file run26.cif (mmCIF, C-alpha atoms)
data_work
loop_
_atom_site.group_PDB
_atom_site.id
_atom_site.type_symbol
_atom_site.label_atom_id
_atom_site.label_comp_id
_atom_site.auth_asym_id
_atom_site.auth_seq_id
_atom_site.Cartn_x
_atom_site.Cartn_y
_atom_site.Cartn_z
ATOM 1 C CA MET A 1 120.333 50.892 91.850
ATOM 2 C CA SER A 2 117.517 53.400 91.826
ATOM 3 C CA ILE A 3 117.915 57.132 91.921
ATOM 4 C CA SER A 4 116.313 58.931 94.832
ATOM 5 C CA ILE A 5 115.688 62.604 95.312
ATOM 6 C CA ASN A 6 116.682 64.343 98.501
ATOM 7 C CA MET A 7 113.439 66.192 99.199
ATOM 8 C CA THR A 8 115.006 68.338 101.913
ATOM 9 C CA LYS A 9 117.537 69.674 99.427
ATOM 10 C CA ALA A 10 114.866 69.959 96.720
ATOM 11 C CA LYS A 11 112.749 72.124 99.035
ATOM 12 C CA GLU A 12 115.744 74.384 99.737
ATOM 13 C CA ILE A 13 116.339 74.779 95.997
ATOM 14 C CA HIS A 14 112.642 75.449 95.406
ATOM 15 C CA ARG A 15 112.633 78.181 98.056
ATOM 16 C CA LYS A 16 115.733 79.681 96.433
ATOM 17 C CA HIS A 17 113.835 79.853 93.126
ATOM 18 C CA VAL A 18 110.896 81.517 94.891
ATOM 19 C CA ARG A 19 113.209 84.147 96.387
ATOM 20 C CA GLU A 20 114.889 84.799 93.029
ATOM 21 C CA VAL A 21 111.568 85.289 91.259
ATOM 22 C CA ARG A 22 110.057 87.499 93.941
ATOM 23 C CA THR A 23 112.993 89.940 94.099
ATOM 24 C CA PRO A 24 112.148 91.921 90.933
ATOM 25 C CA LEU A 25 108.426 91.643 91.712
ATOM 26 C CA LEU A 26 108.985 93.262 95.104
ATOM 27 C CA ALA A 27 111.107 95.998 93.525
ATOM 28 C CA SER A 28 108.323 96.773 91.073
ATOM 29 C CA LEU A 29 105.776 96.902 93.878
ATOM 30 C CA ASP A 30 108.056 99.231 95.847
ATOM 31 C CA THR A 31 107.918 101.630 92.903
ATOM 32 C CA ASP A 32 104.131 101.288 92.691
ATOM 33 C CA PHE A 33 103.893 101.934 96.435
ATOM 34 C CA GLN A 34 105.972 105.119 96.209
ATOM 35 C CA ARG A 35 103.878 106.384 93.305
ATOM 36 C CA ALA A 36 100.686 105.659 95.218
ATOM 37 C CA LEU A 37 101.999 107.573 98.220
ATOM 38 C CA GLU A 38 102.926 110.535 96.042
ATOM 39 C CA THR A 39 99.387 110.744 94.696
ATOM 40 C CA SER A 40 97.680 109.872 98.002
ATOM 41 C CA SER A 41 96.230 106.739 96.386
ATOM 42 C CA ASP A 42 95.165 103.660 98.299
ATOM 43 C CA THR A 43 98.120 101.334 98.965
ATOM 44 C CA THR A 44 96.145 98.440 100.438
ATOM 45 C CA ALA A 45 96.357 96.181 97.377
ATOM 46 C CA ILE A 46 100.070 96.845 96.940
ATOM 47 C CA VAL A 47 100.789 96.066 100.587
ATOM 48 C CA SER A 48 98.789 92.846 100.286
ATOM 49 C CA LYS A 49 100.741 91.739 97.204
ATOM 50 C CA LYS A 50 104.059 92.518 98.898
ATOM 51 C CA LYS A 51 103.048 90.493 101.945
ATOM 52 C CA ALA A 52 102.097 87.526 99.758
ATOM 53 C CA LEU A 53 105.504 87.680 98.057
ATOM 54 C CA ARG A 54 107.338 87.901 101.378
ATOM 55 C CA ASP A 55 105.369 84.916 102.670
ATOM 56 C CA ALA A 56 105.857 82.797 99.515
ATOM 57 C CA PRO A 57 108.973 80.891 100.697
ATOM 58 C CA ALA A 58 107.061 79.827 103.821
ATOM 59 C CA ASN A 59 104.172 78.321 101.823
ATOM 60 C CA THR A 60 102.990 75.269 103.777
ATOM 61 C CA ALA A 61 102.585 73.324 100.543
ATOM 62 C CA ILE A 62 106.377 73.335 100.190
ATOM 63 C CA ASP A 63 106.852 71.620 103.541
ATOM 64 C CA ALA A 64 103.983 69.235 102.855
ATOM 65 C CA ALA A 65 105.410 68.094 99.513
ATOM 66 C CA SER A 66 106.693 64.536 99.621
ATOM 67 C CA THR A 67 107.402 64.107 95.901
ATOM 68 C CA PRO A 68 109.017 66.289 93.252
ATOM 69 C CA ASP A 69 105.652 66.675 91.491
ATOM 70 C CA GLU A 70 104.006 67.899 94.684
ATOM 71 C CA LEU A 71 106.865 70.338 95.190
ATOM 72 C CA LYS A 72 106.483 71.670 91.643
ATOM 73 C CA ALA A 73 102.736 72.019 92.219
ATOM 74 C CA SER A 74 103.386 74.175 95.296
ATOM 75 C CA TRP A 75 104.520 77.032 93.004
ATOM 76 C CA ASP A 76 101.823 79.665 93.539
ATOM 77 C CA THR A 77 101.264 81.152 90.089
ATOM 78 C CA THR A 78 98.821 83.718 91.490
ATOM 79 C CA VAL A 79 101.656 85.249 93.507
ATOM 80 C CA LEU A 80 104.836 84.335 91.613
ATOM 81 C CA GLY A 81 103.639 84.062 88.033
ATOM 82 C CA THR A 82 104.522 81.319 85.591
ATOM 83 C CA THR A 83 106.233 78.282 87.067
ATOM 84 C CA PRO A 84 109.875 77.785 86.126
ATOM 85 C CA TYR A 85 109.352 74.012 85.970
ATOM 86 C CA LYS A 86 108.720 72.233 82.731
ATOM 87 C CA SER A 87 105.784 69.858 82.665
#
call {"tool": "encode", "arguments": {"input": "run26.cif", "output": "structure tokens"}}
result
Amino acid sequence: MSISINMTKAKEIHRKHVREVRTPLLASLDTDFQRALETSSDTTAIVSKKKALRDAPANTAIDAASTPDELKASWDTTVLGTTPYKS
């Protein structure tokens, strides 16, 4: 008997990890945003980063993944930082 992976469930778990990782990142950016407002600094970059974090669970690469390795590869390190998956 071979072991199979339920990719639907794996994608749900992956998205849960994305949401867990982005929560403190968004909180930090909220602080940066408030500081920028207080000093009348440009907030464009902060807003862009926050949008990328909010959009991370909807990454099309997650839906397109058909194997666990493809799902792991869908972790966007430019937005979320270091992957939680071991190689």
call {"tool": "residues_around", "arguments": {"input": "run26.cif", "residues": "Val47 in chain A", "least_positions_apart": "5", "cutoff": "12 Å", "atoms": "only C-alpha atoms", "output": "ChimeraX atom specification"}}
result
/A:26,29-34,36-37,42,52-54
call {"tool": "axis_aligned_box", "arguments": {"input": "run26.cif", "around": "range 60-77 of chain A", "padding_each_side": "6 Å", "output": "AutoDock Vina command-line options"}}
result
--center_x 105.1 --center_y 72.6 --center_z 96.9 --size_x 19.8 --size_y 29.0 --size_z 25.7
call {"tool": "resolve_selection", "arguments": {"input": "run26.cif", "expression": "the PyMOL selection byres ((chain A and resi 85) around 12)", "output": "number ranges by chain"}}
result
A: 14, 17-18, 68-75, 77, 81-84, 86-87
call {"tool": "closest_residue", "arguments": {"input": "run26.cif", "among": "A:Ser66, A:Ser41, A:Ser48, A:Thr60", "to": "Arg15 in chain A", "atoms": "only C-alpha atoms"}}
result
A:Thr60
call {"tool": "atom_distance", "arguments": {"input": "run26.cif", "atom1": "CA of Asp63 in chain A", "atom2": "CA of Ile3 in chain A"}}
result
21.6 Å
call {"tool": "atom_distance", "arguments": {"input": "run26.cif", "atom1": "CA of Ile46 in chain A", "atom2": "CA of Asp76 in chain A"}}
result
17.6 Å
call {"tool": "atom_distance", "arguments": {"input": "run26.cif", "atom1": "CA of Asn6 in chain A", "atom2": "CA of Asp55 in chain A"}}
result
23.8 Å
call {"tool": "build_atoms", "arguments": {"input": "run26.cif", "residues": "range 45-62 of chain A", "atoms": "N, CA, C and O atoms", "output": "PDB file, in the coordinates of the input"}}
result
ATOM      1  N   ALA A  45      96.123  97.307  98.292  1.00  0.00           N
ATOM      2  CA  ALA A  45      96.357  96.181  97.377  1.00  0.00           C
ATOM      3  C   ALA A  45      97.852  95.924  97.190  1.00  0.00           C
ATOM      4  O   ALA A  45      98.289  94.769  97.140  1.00  0.00           O
ATOM      5  N   ILE A  46      98.621  96.992  97.112  1.00  0.00           N
ATOM      6  CA  ILE A  46     100.070  96.845  96.940  1.00  0.00           C
ATOM      7  C   ILE A  46     100.680  96.187  98.172  1.00  0.00           C
ATOM      8  O   ILE A  46     101.494  95.268  98.059  1.00  0.00           O
ATOM      9  N   VAL A  47     100.283  96.638  99.335  1.00  0.00           N
ATOM     10  CA  VAL A  47     100.789  96.066 100.587  1.00  0.00           C
ATOM     11  C   VAL A  47     100.425  94.587 100.677  1.00  0.00           C
ATOM     12  O   VAL A  47     101.244  93.754 101.084  1.00  0.00           O
ATOM     13  N   SER A  48      99.237  94.241 100.263  1.00  0.00           N
ATOM     14  CA  SER A  48      98.789  92.846 100.286  1.00  0.00           C
ATOM     15  C   SER A  48      99.632  91.973  99.356  1.00  0.00           C
ATOM     16  O   SER A  48     100.031  90.861  99.711  1.00  0.00           O
ATOM     17  N   LYS A  49      99.920  92.485  98.161  1.00  0.00           N
ATOM     18  CA  LYS A  49     100.741  91.739  97.204  1.00  0.00           C
ATOM     19  C   LYS A  49     102.165  91.561  97.731  1.00  0.00           C
ATOM     20  O   LYS A  49     102.758  90.490  97.591  1.00  0.00           O
ATOM     21  N   LYS A  50     102.707  92.608  98.347  1.00  0.00           N
ATOM     22  CA  LYS A  50     104.059  92.518  98.898  1.00  0.00           C
ATOM     23  C   LYS A  50     104.116  91.492 100.025  1.00  0.00           C
ATOM     24  O   LYS A  50     105.069  90.715 100.120  1.00  0.00           O
ATOM     25  N   LYS A  51     103.090  91.467 100.851  1.00  0.00           N
ATOM     26  CA  LYS A  51     103.048  90.493 101.945  1.00  0.00           C
ATOM     27  C   LYS A  51     103.005  89.073 101.391  1.00  0.00           C
ATOM     28  O   LYS A  51     103.709  88.179 101.871  1.00  0.00           O
ATOM     29  N   ALA A  52     102.189  88.855 100.368  1.00  0.00           N
ATOM     30  CA  ALA A  52     102.097  87.526  99.758  1.00  0.00           C
ATOM     31  C   ALA A  52     103.447  87.089  99.199  1.00  0.00           C
ATOM     32  O   ALA A  52     103.843  85.920  99.341  1.00  0.00           O
ATOM     33  N   LEU A  53     104.183  88.007  98.592  1.00  0.00           N
ATOM     34  CA  LEU A  53     105.504  87.680  98.057  1.00  0.00           C
ATOM     35  C   LEU A  53     106.499  87.380  99.179  1.00  0.00           C
ATOM     36  O   LEU A  53     107.298  86.447  99.074  1.00  0.00           O
ATOM     37  N   ARG A  54     106.431  88.166 100.248  1.00  0.00           N
ATOM     38  CA  ARG A  54     107.338  87.901 101.378  1.00  0.00           C
ATOM     39  C   ARG A  54     107.038  86.553 102.022  1.00  0.00           C
ATOM     40  O   ARG A  54     107.941  85.869 102.496  1.00  0.00           O
ATOM     41  N   ASP A  55     105.778  86.172 102.043  1.00  0.00           N
ATOM     42  CA  ASP A  55     105.369  84.916 102.670  1.00  0.00           C
ATOM     43  C   ASP A  55     105.551  83.698 101.764  1.00  0.00           C
ATOM     44  O   ASP A  55     105.474  82.561 102.238  1.00  0.00           O
ATOM     45  N   ALA A  56     105.797  83.900 100.484  1.00  0.00           N
ATOM     46  CA  ALA A  56     105.857  82.797  99.515  1.00  0.00           C
ATOM     47  C   ALA A  56     106.850  81.687  99.877  1.00  0.00           C
ATOM     48  O   ALA A  56     106.517  80.504  99.733  1.00  0.00           O
ATOM     49  N   PRO A  57     108.055  81.986 100.363  1.00  0.00           N
ATOM     50  CA  PRO A  57     108.973  80.891 100.697  1.00  0.00           C
ATOM     51  C   PRO A  57     108.486  80.035 101.879  1.00  0.00           C
ATOM     52  O   PRO A  57     108.934  78.907 102.052  1.00  0.00           O
ATOM     53  N   ALA A  58     107.578  80.563 102.672  1.00  0.00           N
ATOM     54  CA  ALA A  58     107.061  79.827 103.821  1.00  0.00           C
ATOM     55  C   ALA A  58     105.753  79.093 103.516  1.00  0.00           C
ATOM     56  O   ALA A  58     105.094  78.581 104.426  1.00  0.00           O
ATOM     57  N   ASN A  59     105.396  79.008 102.244  1.00  0.00           N
ATOM     58  CA  ASN A  59     104.172  78.321 101.823  1.00  0.00           C
ATOM     59  C   ASN A  59     104.145  76.911 102.428  1.00  0.00           C
ATOM     60  O   ASN A  59     105.075  76.130 102.251  1.00  0.00           O
ATOM     61  N   THR A  60     103.083  76.575 103.123  1.00  0.00           N
ATOM     62  CA  THR A  60     102.990  75.269 103.777  1.00  0.00           C
ATOM     63  C   THR A  60     102.982  74.113 102.789  1.00  0.00           C
ATOM     64  O   THR A  60     103.364  72.996 103.138  1.00  0.00           O
ATOM     65  N   ALA A  61     102.585  74.378 101.560  1.00  0.00           N
ATOM     66  CA  ALA A  61     102.585  73.324 100.543  1.00  0.00           C
ATOM     67  C   ALA A  61     104.008  72.855 100.231  1.00  0.00           C
ATOM     68  O   ALA A  61     104.204  71.702  99.848  1.00  0.00           O
ATOM     69  N   ILE A  62     104.983  73.728 100.409  1.00  0.00           N
ATOM     70  CA  ILE A  62     106.377  73.335 100.190  1.00  0.00           C
ATOM     71  C   ILE A  62     106.784  72.297 101.219  1.00  0.00           C
ATOM     72  O   ILE A  62     107.335  71.246 100.887  1.00  0.00           O
TER      73      ILE A  62
END
